[in-house]
Amino acid sequence: MERFIVIHAVGSDISQDEVWQGFHAAATRAVKGAKWLRSYFLPDREELICDWEAPDEAAIRESVALADADRLIPIKEIYYAVYAEREFFT
Amino acid sequence: MYVLGSDEWLRALKEAVNSSQAYADAAKTWEGDFYFIIESGGAVEEEIVMYMDLWHGKCRDAFVASDRSAKDPAFVINAPESAWRKVIGKQLDPIQGLLTRQLKLQGDMIKIMKAVKAAKELVECTTMVPTEYHDE
């Protein structure tokens, strides 16, 4: 499975329930083999950086659309990514 | 020691906020007032409504309201005392508490998330107030 970094623009006037429902949908209703792993909100850039595992970019776009996240926090960029983590080196 | 949500506790918090350079720096662009509400339940017989007007790194006003109709703040955060206790005790990060709805928010969630440093410094100010809880 491939890894992707998705960058969303984060605007304003989004309620707590909308944020929760978006993350919950990403966590439980992703499709076509896509799996949301984690996100980082960058307050200084007003962006949400999301780490996904997926067979391809289309699976992520479909999952994001199903979560209704593209309406609230539109995708700016999707990058194919290679990752490294602590466990590789310890 | 001041009981959480009492007039004395809120006055002490206002003083702590207005004495904190770290809060002043972190919240220098913040504009927005709050109700922080302790929900009724357990040893808290009736909900406690604390109003705070936070503006450009200072607390302009703070009082315990008799009910929610006293003001119409931009943000309302309510939670049981047990959740507030975790926040003040730094066992629960305030933003994670909002993301997971352990703290329930009415208002623009993203505006709060953008002010994460201010939120953490506000929590830091609460740790400066000697706090007693209703169930103690």
# chains A, B, ... in the order shown; residues from 1 in each chain; ligands from 1

call {"tool": "interface_residues", "arguments": {"of": "chain B", "to": "chain A", "cutoff": "7 Å", "atoms": "only C-alpha atoms", "output": "PyMOL selection string"}}
result
chain B and resi 99+105+107-111+113-114

call {"tool": "residues_around", "arguments": {"residues": "region 69-79 of chain A", "least_positions_apart": "4", "cutoff": "7 Å", "atoms": "only C-alpha atoms", "output": "ChimeraX atom specification"}}
result
/A:4-11,22,64-65

call {"tool": "residues_around", "arguments": {"residues": "region 45-56 of chain B", "least_positions_apart": "5", "cutoff": "8 Å", "atoms": "only C-alpha atoms", "output": "VMD selection string"}}
result
chain B and resid 5 10 24 27 to 40 61 to 68 71

call {"tool": "atom_distance", "arguments": {"atom1": "CA of Lys90 (chain B)", "atom2": "CA of Thr131 (chain B)"}}
result
13.4 Å

call {"tool": "select_by_dssp", "arguments": {"residues": "region 6-70 of chain B", "states": "alpha helix (DSSP H)", "output": "NGL selection string"}}
result
:B and (7-19 or 21-26)

call {"tool": "closest_residue", "arguments": {"among": "B:Ile88, B:Val76, B:Cys59, B:Ala83", "to": "Thr127 (chain B)", "atoms": "only C-alpha atoms"}}
result
B:Ile88

call {"tool": "select_by_dssp", "arguments": {"residues": "chain A", "states": "strand (DSSP E or B)", "output": "PDB file with C-alpha atoms, in the first residue's frame"}}
result
ATOM      1  CA  GLU A   2       1.215   3.485  -0.855  1.00  0.00           C
ATOM      2  CA  ARG A   3       1.402   6.503   1.392  1.00  0.00           C
ATOM      3  CA  PHE A   4       0.116   9.967   0.598  1.00  0.00           C
ATOM      4  CA  ILE A   5       0.161  13.344   2.286  1.00  0.00           C
ATOM      5  CA  VAL A   6      -2.988  15.387   1.763  1.00  0.00           C
ATOM      6  CA  ILE A   7      -3.005  19.110   2.465  1.00  0.00           C
ATOM      7  CA  HIS A   8      -6.341  20.772   3.170  1.00  0.00           C
ATOM      8  CA  ALA A   9      -7.073  24.481   3.367  1.00  0.00           C
ATOM      9  CA  LYS A  35      -7.042   4.356   5.380  1.00  0.00           C
ATOM     10  CA  TRP A  36      -6.700   7.666   7.181  1.00  0.00           C
ATOM     11  CA  LEU A  37      -3.858   7.406   9.682  1.00  0.00           C
ATOM     12  CA  ARG A  38      -3.427  10.773  11.368  1.00  0.00           C
ATOM     13  CA  SER A  39      -3.620  14.520  10.872  1.00  0.00           C
ATOM     14  CA  TYR A  40      -1.721  17.575  11.975  1.00  0.00           C
ATOM     15  CA  PHE A  41      -3.346  20.972  12.107  1.00  0.00           C
ATOM     16  CA  LEU A  42      -0.923  23.815  11.415  1.00  0.00           C
ATOM     17  CA  GLU A  47      -3.754  23.942   6.892  1.00  0.00           C
ATOM     18  CA  LEU A  48      -4.543  20.382   7.867  1.00  0.00           C
ATOM     19  CA  ILE A  49      -1.900  17.826   6.895  1.00  0.00           C
ATOM     20  CA  CYS A  50      -3.269  14.295   6.648  1.00  0.00           C
ATOM     21  CA  ASP A  51      -1.352  11.044   6.403  1.00  0.00           C
ATOM     22  CA  TRP A  52      -3.142   8.390   4.340  1.00  0.00           C
ATOM     23  CA  GLU A  53      -2.428   4.859   3.274  1.00  0.00           C
ATOM     24  CA  ALA A  54      -4.142   4.032  -0.013  1.00  0.00           C
ATOM     25  CA  ILE A  75      -7.955  19.622  -0.711  1.00  0.00           C
ATOM     26  CA  LYS A  76      -5.095  21.855  -1.844  1.00  0.00           C
ATOM     27  CA  GLU A  77      -2.555  19.193  -2.749  1.00  0.00           C
ATOM     28  CA  ILE A  78      -1.994  15.463  -2.619  1.00  0.00           C
ATOM     29  CA  TYR A  79       1.574  14.196  -2.603  1.00  0.00           C
ATOM     30  CA  TYR A  80       2.807  10.664  -3.011  1.00  0.00           C
ATOM     31  CA  ALA A  81       5.119  10.132  -0.043  1.00  0.00           C
TER      32      ALA A  81
END
